[in-house]
Amino acid sequence: MAAPREPEVIRDKAAMRAWSRRRRAEGKTVAVVPTMGYLHQGHLSLISAAAAASADPVAIVVTIYVNPSQFAPSEDLATYPSDFAGDLRKLASTGVVDAVFNPPDLYVRGAGRRAAATGGAISCLEEEEAAGDGHETWVRVERLEKGMCGASRPVFFRGVATIVSKLFNIIEPDVAVFGKKDYQQWRVICRMVRDLDFAIEIIGSEIVREADGLAMSSRNVHLSREEREKALSISRSLVDARTGALKGNTDCKQIKNKIVQTLTETGGQVDYVEIVEQESLVPVEQIDGPVVICVAAWFGKVRLIDNIEIDTRS
C-alpha cells in the first residue's frame with residue numbers, strides 16, 4: 001500500500017490543463033476519476049482501477065464537482081451531500097492521487113444570473129439559457145440517453161455528457177474511470193467517446209457494495225435506518241433474478257414483474273425495472289445473451305439505482 005500523501009488541489013481550468021500536459025511530458029499516463037464528492041469506498045475502488053490502468057507511471061486526477069446541469073429544478077442539487085475536507089483526507093490516504101480538480105464553476109453564467117450563481121447552485125442552467133449570453137452548448141447521446149434514467153430525468157444525460165466533455169477537454173486524460181453502478185451513464189460516456197473521437201480509454205469499474213449488499217452511493221446517507229433496511233430489497237431481488245435466469249427462468253416480463261412486486265411490497269416506489277442488452281441498452285424479452293437488469297426506486301425521499309449483469313451463455 002502506498003504511503004499517504006496530500007494531492008495537489010487545482011481550481012483553475014488553465015492550471016489543470018497545464019498540469020496534465022506536464023505529466024504527459026514526463027512520460028506518464030494521465031487518468032481521471034470524475035466524482036461529485038462525498039467519497040466512499042466505491043469511489044476509492046475507481047482510483048485503484050485508475051492506478052492499474054497502465055504499465056507506465058500513472059498520474060491520477062480526481063475531480064470533485066457537483067454538476068448543476070444534470071439536476072432538474074425539483075431534484076436534490078441543494079441537498080447533495082458534501083465534505084471536501086473529508087474527501088481530501090480519504091484521497092490522501094490512498095497514496096496514489098496526484099491532483100484534485102475542484103473548480104468553482106465550469107459554466108459561463110448569463111448576465112442576469114452571475115451574482116446569484118455565487119450564492120447558490122442553479123439546477124439545469126435553464127435560467128442561464130434564458131438570459132441569452134450564458135452557457136448554451138450541450139452534448140447529447142440521442143438514443144442511449146432515452147429510457148431508464150433518461151425517462152424520469154430528461155435533462156440528466158445531457159448534463160452528464162456535457163460536463164464530462166468539458167472535463168475531458170480541460171484535463172486531456174488518457175484514461176477515465178466510471179463506476180458501473182451508474183450503468184446507463186457509463187454506456188452513454190462510452191458511446192460519446194466513440195462518436196466524438198476522444199482519444200481516451202474508458203474503464204467501467206464494478207459495483208462496490210456494503211457488507212449487506214446495498215450498492216454504495218453518496219445518497220445513502222439520507223436514508224433512515226428503516227429505509228436503508230427496506231432498500232436491501234433492491235440488491236436481493238437482483239441476485240434472485242440472476243440466480244433464476246441461470247437456472248432457466250429467462251422470461252423478462254416475469255422477472256421484471258417479480259422485482260417490481262418485491263420492491264413495492266417492501267415499501268419502495270419503483271421508477272423503473274428494465275432488462276436490456278449490455279452495450280446497446282435495447283430492451284429484450286428473453287435473456288439469451290449478455291444483458292443487464294437495471295433498477296431505480298425511491299425509498300423515502302432517496303432515489304436509488306442498482307443493476308446486475310447476466311450472461312446465460314457463460
# chains A, B, ... in the order shown; residues from 1 in each chain; ligands from 1
$ residues_around --residues "Ala15 of chain A" --least-positions-apart "4" --cutoff "10 Å" --atoms "only C-alpha atoms" --output "list of chain:residue names"
A:Ile10, A:Arg11, A:Trp19, A:Ser20, A:Arg21, A:Phe101, A:Ile170, A:Ile171
$ write_last_selection --atoms "N, CA, C and O atoms" --output "tab-separated table (two decimals), in the first residue's frame"
chain	number	residue	atom	x	y	z
A	10	ILE	N	-6.30	21.78	-7.44
A	10	ILE	CA	-6.27	22.73	-8.56
A	10	ILE	C	-7.70	23.20	-8.81
A	10	ILE	O	-8.62	22.39	-8.91
A	11	ARG	N	-7.88	24.51	-8.91
A	11	ARG	CA	-9.22	25.06	-9.11
A	11	ARG	C	-9.38	25.77	-10.46
A	11	ARG	O	-10.51	25.97	-10.91
A	19	TRP	N	-1.09	21.33	-15.92
A	19	TRP	CA	-0.61	20.24	-15.04
A	19	TRP	C	-0.61	18.92	-15.80
A	19	TRP	O	0.37	18.16	-15.76
A	20	SER	N	-1.71	18.61	-16.49
A	20	SER	CA	-1.80	17.36	-17.23
A	20	SER	C	-0.74	17.27	-18.32
A	20	SER	O	-0.12	16.22	-18.54
A	21	ARG	N	-0.52	18.38	-19.02
A	21	ARG	CA	0.46	18.36	-20.10
A	21	ARG	C	1.87	18.16	-19.56
A	21	ARG	O	2.70	17.49	-20.21
A	101	PHE	N	-9.08	18.14	-8.94
A	101	PHE	CA	-9.61	19.29	-9.69
A	101	PHE	C	-10.95	19.65	-9.09
A	101	PHE	O	-11.91	18.89	-9.17
A	170	ILE	N	-10.56	19.84	-20.61
A	170	ILE	CA	-9.70	20.56	-19.67
A	170	ILE	C	-8.51	19.69	-19.23
A	170	ILE	O	-7.36	20.14	-19.24
A	171	ILE	N	-8.79	18.46	-18.87
A	171	ILE	CA	-7.77	17.59	-18.27
A	171	ILE	C	-6.97	16.83	-19.32
A	171	ILE	O	-5.80	16.49	-19.10
$ residues_around --residues "segment 145-152 of chain A" --least-positions-apart "5" --cutoff "7 Å" --atoms "only C-alpha atoms" --output "ChimeraX atom specification"
/A:157,188,272
$ closest_residue --among "A:Thr35, A:Cys252, A:Thr63, A:Trp298" --to "Asn220 of chain A" --atoms "only C-alpha atoms"
A:Trp298
$ atom_distance --atom1 "atom CA of Thr312 of chain A" --atom2 "atom CA of Ser280 of chain A"
17.6 Å
$ residues_around --residues "segment 80-92 of chain A" --least-positions-apart "4" --cutoff "6 Å" --atoms "only C-alpha atoms" --output "PyMOL selection string"
chain A and resi 4-6+38-39+76
$ write_last_selection --atoms "all heavy atoms" --output "compact mmCIF listing (two decimals), in the first residue's frame"
# COMPACT_ATOMS: atom_id res chain seq x y z
N PRO A 4 0.54 7.48 2.60
CA PRO A 4 -0.37 8.62 2.42
C PRO A 4 0.38 9.86 1.95
O PRO A 4 1.51 10.12 2.38
CB PRO A 4 -0.94 8.83 3.82
CG PRO A 4 -0.80 7.52 4.50
CD PRO A 4 0.47 6.93 3.96
N ARG A 5 -0.25 10.61 1.06
CA ARG A 5 0.33 11.89 0.62
C ARG A 5 -0.79 12.80 0.14
O ARG A 5 -1.78 12.35 -0.44
CB ARG A 5 1.37 11.69 -0.48
CG ARG A 5 0.90 11.01 -1.75
CD ARG A 5 2.08 10.78 -2.69
NE ARG A 5 1.75 9.95 -3.83
CZ ARG A 5 1.33 10.40 -5.00
NH1 ARG A 5 1.17 11.71 -5.18
NH2 ARG A 5 1.07 9.57 -5.99
N GLU A 6 -0.60 14.07 0.37
CA GLU A 6 -1.61 15.05 0.02
C GLU A 6 -1.61 15.32 -1.48
O GLU A 6 -0.57 15.63 -2.06
CB GLU A 6 -1.34 16.37 0.75
CG GLU A 6 -1.47 16.30 2.26
CD GLU A 6 -2.91 16.19 2.71
OE1 GLU A 6 -3.81 16.62 1.95
OE2 GLU A 6 -3.13 15.68 3.82
N TYR A 38 -18.19 13.72 -1.72
CA TYR A 38 -18.74 12.90 -0.65
C TYR A 38 -18.34 11.44 -0.89
O TYR A 38 -19.17 10.55 -1.04
CB TYR A 38 -20.25 13.05 -0.52
CG TYR A 38 -20.74 12.83 0.90
CD1 TYR A 38 -20.51 13.78 1.88
CD2 TYR A 38 -21.39 11.66 1.26
CE1 TYR A 38 -20.92 13.58 3.18
CE2 TYR A 38 -21.81 11.44 2.55
CZ TYR A 38 -21.57 12.40 3.52
OH TYR A 38 -21.97 12.20 4.82
N LEU A 39 -17.05 11.23 -0.92
CA LEU A 39 -16.46 9.98 -1.40
C LEU A 39 -16.68 8.82 -0.41
O LEU A 39 -16.68 9.00 0.80
CB LEU A 39 -14.97 10.18 -1.64
CG LEU A 39 -14.59 11.33 -2.59
CD1 LEU A 39 -13.08 11.42 -2.74
CD2 LEU A 39 -15.26 11.16 -3.96
N ASP A 76 -32.30 17.11 -6.12
CA ASP A 76 -31.63 17.36 -4.85
C ASP A 76 -30.27 18.05 -4.97
O ASP A 76 -29.37 17.78 -4.17
CB ASP A 76 -31.46 16.04 -4.10
CG ASP A 76 -30.64 14.99 -4.86
OD1 ASP A 76 -30.40 15.19 -6.06
OD2 ASP A 76 -30.25 13.98 -4.24
$ residues_around --residues "Leu304 of chain A" --least-positions-apart "6" --cutoff "9 Å" --atoms "only C-alpha atoms" --output "list in words"
Ala215, Ser217, Arg219, Asn220, Ala231, Ile234, Val295, Ala296, Ala297 and Trp298 of chain A
$ residues_around --residues "Val193 of chain A" --least-positions-apart "5" --cutoff "10 Å" --atoms "only C-alpha atoms" --output "list in words"
Ala161, Val164, Ser165, Phe168, Arg187, Val188, Phe198, Ala199, Ile200, Glu201 and Ile202 of chain A
$ write_last_selection --atoms "all heavy atoms" --output "PDB file, in the first residue's frame"
ATOM      1  N   ALA A 161     -23.196  14.240 -20.168  1.00  0.00           N
ATOM      2  CA  ALA A 161     -22.342  14.209 -21.354  1.00  0.00           C
ATOM      3  C   ALA A 161     -21.622  15.532 -21.552  1.00  0.00           C
ATOM      4  O   ALA A 161     -20.444  15.571 -21.944  1.00  0.00           O
ATOM      5  CB  ALA A 161     -23.169  13.855 -22.593  1.00  0.00           C
ATOM      6  N   VAL A 164     -18.830  15.954 -18.736  1.00  0.00           N
ATOM      7  CA  VAL A 164     -17.714  15.029 -18.960  1.00  0.00           C
ATOM      8  C   VAL A 164     -16.893  15.482 -20.163  1.00  0.00           C
ATOM      9  O   VAL A 164     -15.654  15.432 -20.144  1.00  0.00           O
ATOM     10  CB  VAL A 164     -18.220  13.585 -19.122  1.00  0.00           C
ATOM     11  CG1 VAL A 164     -17.087  12.660 -19.563  1.00  0.00           C
ATOM     12  CG2 VAL A 164     -18.820  13.081 -17.806  1.00  0.00           C
ATOM     13  N   SER A 165     -17.566  15.968 -21.208  1.00  0.00           N
ATOM     14  CA  SER A 165     -16.836  16.511 -22.356  1.00  0.00           C
ATOM     15  C   SER A 165     -15.956  17.682 -21.925  1.00  0.00           C
ATOM     16  O   SER A 165     -14.802  17.805 -22.350  1.00  0.00           O
ATOM     17  CB  SER A 165     -17.808  16.967 -23.446  1.00  0.00           C
ATOM     18  OG  SER A 165     -18.503  15.886 -23.999  1.00  0.00           O
ATOM     19  N   PHE A 168     -12.996  16.388 -19.991  1.00  0.00           N
ATOM     20  CA  PHE A 168     -12.030  15.769 -20.903  1.00  0.00           C
ATOM     21  C   PHE A 168     -11.222  16.833 -21.651  1.00  0.00           C
ATOM     22  O   PHE A 168     -10.012  16.692 -21.848  1.00  0.00           O
ATOM     23  CB  PHE A 168     -12.745  14.870 -21.909  1.00  0.00           C
ATOM     24  CG  PHE A 168     -13.230  13.553 -21.332  1.00  0.00           C
ATOM     25  CD1 PHE A 168     -14.007  12.695 -22.106  1.00  0.00           C
ATOM     26  CD2 PHE A 168     -12.913  13.173 -20.042  1.00  0.00           C
ATOM     27  CE1 PHE A 168     -14.442  11.481 -21.603  1.00  0.00           C
ATOM     28  CE2 PHE A 168     -13.360  11.962 -19.514  1.00  0.00           C
ATOM     29  CZ  PHE A 168     -14.130  11.110 -20.307  1.00  0.00           C
ATOM     30  N   ARG A 187     -22.398   3.675 -20.199  1.00  0.00           N
ATOM     31  CA  ARG A 187     -22.580   3.364 -21.616  1.00  0.00           C
ATOM     32  C   ARG A 187     -22.732   4.639 -22.452  1.00  0.00           C
ATOM     33  O   ARG A 187     -22.243   4.708 -23.591  1.00  0.00           O
ATOM     34  CB  ARG A 187     -23.787   2.457 -21.801  1.00  0.00           C
ATOM     35  CG  ARG A 187     -23.567   1.026 -21.327  1.00  0.00           C
ATOM     36  CD  ARG A 187     -22.384   0.376 -22.009  1.00  0.00           C
ATOM     37  NE  ARG A 187     -22.306  -1.062 -21.722  1.00  0.00           N
ATOM     38  CZ  ARG A 187     -21.283  -1.827 -22.101  1.00  0.00           C
ATOM     39  NH1 ARG A 187     -20.250  -1.299 -22.751  1.00  0.00           N
ATOM     40  NH2 ARG A 187     -21.281  -3.121 -21.823  1.00  0.00           N
ATOM     41  N   VAL A 188     -23.415   5.640 -21.904  1.00  0.00           N
ATOM     42  CA  VAL A 188     -23.543   6.923 -22.608  1.00  0.00           C
ATOM     43  C   VAL A 188     -22.168   7.543 -22.836  1.00  0.00           C
ATOM     44  O   VAL A 188     -21.853   8.026 -23.934  1.00  0.00           O
ATOM     45  CB  VAL A 188     -24.463   7.881 -21.814  1.00  0.00           C
ATOM     46  CG1 VAL A 188     -24.298   9.326 -22.289  1.00  0.00           C
ATOM     47  CG2 VAL A 188     -25.920   7.453 -21.951  1.00  0.00           C
ATOM     48  N   PHE A 198     -12.844  11.081 -28.975  1.00  0.00           N
ATOM     49  CA  PHE A 198     -11.956  11.353 -27.859  1.00  0.00           C
ATOM     50  C   PHE A 198     -10.934  10.218 -27.776  1.00  0.00           C
ATOM     51  O   PHE A 198     -11.307   9.047 -27.772  1.00  0.00           O
ATOM     52  CB  PHE A 198     -12.735  11.405 -26.540  1.00  0.00           C
ATOM     53  CG  PHE A 198     -13.494  12.676 -26.304  1.00  0.00           C
ATOM     54  CD1 PHE A 198     -14.869  12.723 -26.488  1.00  0.00           C
ATOM     55  CD2 PHE A 198     -12.841  13.828 -25.889  1.00  0.00           C
ATOM     56  CE1 PHE A 198     -15.587  13.881 -26.254  1.00  0.00           C
ATOM     57  CE2 PHE A 198     -13.554  15.001 -25.651  1.00  0.00           C
ATOM     58  CZ  PHE A 198     -14.920  15.033 -25.837  1.00  0.00           C
ATOM     59  N   ALA A 199      -9.677  10.556 -27.698  1.00  0.00           N
ATOM     60  CA  ALA A 199      -8.623   9.535 -27.607  1.00  0.00           C
ATOM     61  C   ALA A 199      -8.431   9.153 -26.142  1.00  0.00           C
ATOM     62  O   ALA A 199      -7.368   9.367 -25.545  1.00  0.00           O
ATOM     63  CB  ALA A 199      -7.325  10.064 -28.212  1.00  0.00           C
ATOM     64  N   ILE A 200      -9.474   8.594 -25.567  1.00  0.00           N
ATOM     65  CA  ILE A 200      -9.493   8.284 -24.144  1.00  0.00           C
ATOM     66  C   ILE A 200     -10.025   6.869 -23.954  1.00  0.00           C
ATOM     67  O   ILE A 200     -11.050   6.506 -24.530  1.00  0.00           O
ATOM     68  CB  ILE A 200     -10.383   9.280 -23.369  1.00  0.00           C
ATOM     69  CG1 ILE A 200      -9.887  10.715 -23.558  1.00  0.00           C
ATOM     70  CG2 ILE A 200     -10.435   8.925 -21.880  1.00  0.00           C
ATOM     71  CD1 ILE A 200     -10.853  11.767 -23.041  1.00  0.00           C
ATOM     72  N   GLU A 201      -9.330   6.081 -23.144  1.00  0.00           N
ATOM     73  CA  GLU A 201      -9.815   4.758 -22.790  1.00  0.00           C
ATOM     74  C   GLU A 201     -10.782   4.891 -21.625  1.00  0.00           C
ATOM     75  O   GLU A 201     -10.441   5.480 -20.588  1.00  0.00           O
ATOM     76  CB  GLU A 201      -8.652   3.843 -22.394  1.00  0.00           C
ATOM     77  CG  GLU A 201      -9.101   2.464 -21.948  1.00  0.00           C
ATOM     78  CD  GLU A 201      -7.977   1.614 -21.367  1.00  0.00           C
ATOM     79  OE1 GLU A 201      -6.820   2.103 -21.350  1.00  0.00           O
ATOM     80  OE2 GLU A 201      -8.262   0.482 -20.922  1.00  0.00           O
ATOM     81  N   ILE A 202     -11.988   4.349 -21.780  1.00  0.00           N
ATOM     82  CA  ILE A 202     -12.987   4.394 -20.717  1.00  0.00           C
ATOM     83  C   ILE A 202     -13.018   3.040 -20.012  1.00  0.00           C
ATOM     84  O   ILE A 202     -13.217   2.010 -20.650  1.00  0.00           O
ATOM     85  CB  ILE A 202     -14.380   4.729 -21.260  1.00  0.00           C
ATOM     86  CG1 ILE A 202     -14.342   6.053 -22.032  1.00  0.00           C
ATOM     87  CG2 ILE A 202     -15.396   4.800 -20.117  1.00  0.00           C
ATOM     88  CD1 ILE A 202     -13.937   7.246 -21.217  1.00  0.00           C
TER      89      ILE A 202
END
$ closest_residue --among "A:Ala72, A:Val221, A:Ile308, A:Val282" --to "Ser123 of chain A" --atoms "only C-alpha atoms"
A:Ala72
$ residues_around --residues "Arg313 of chain A" --least-positions-apart "5" --cutoff "9 Å" --atoms "only C-alpha atoms" --output "list in words"
Leu246, Asp288, Gly289 and Pro290 of chain A
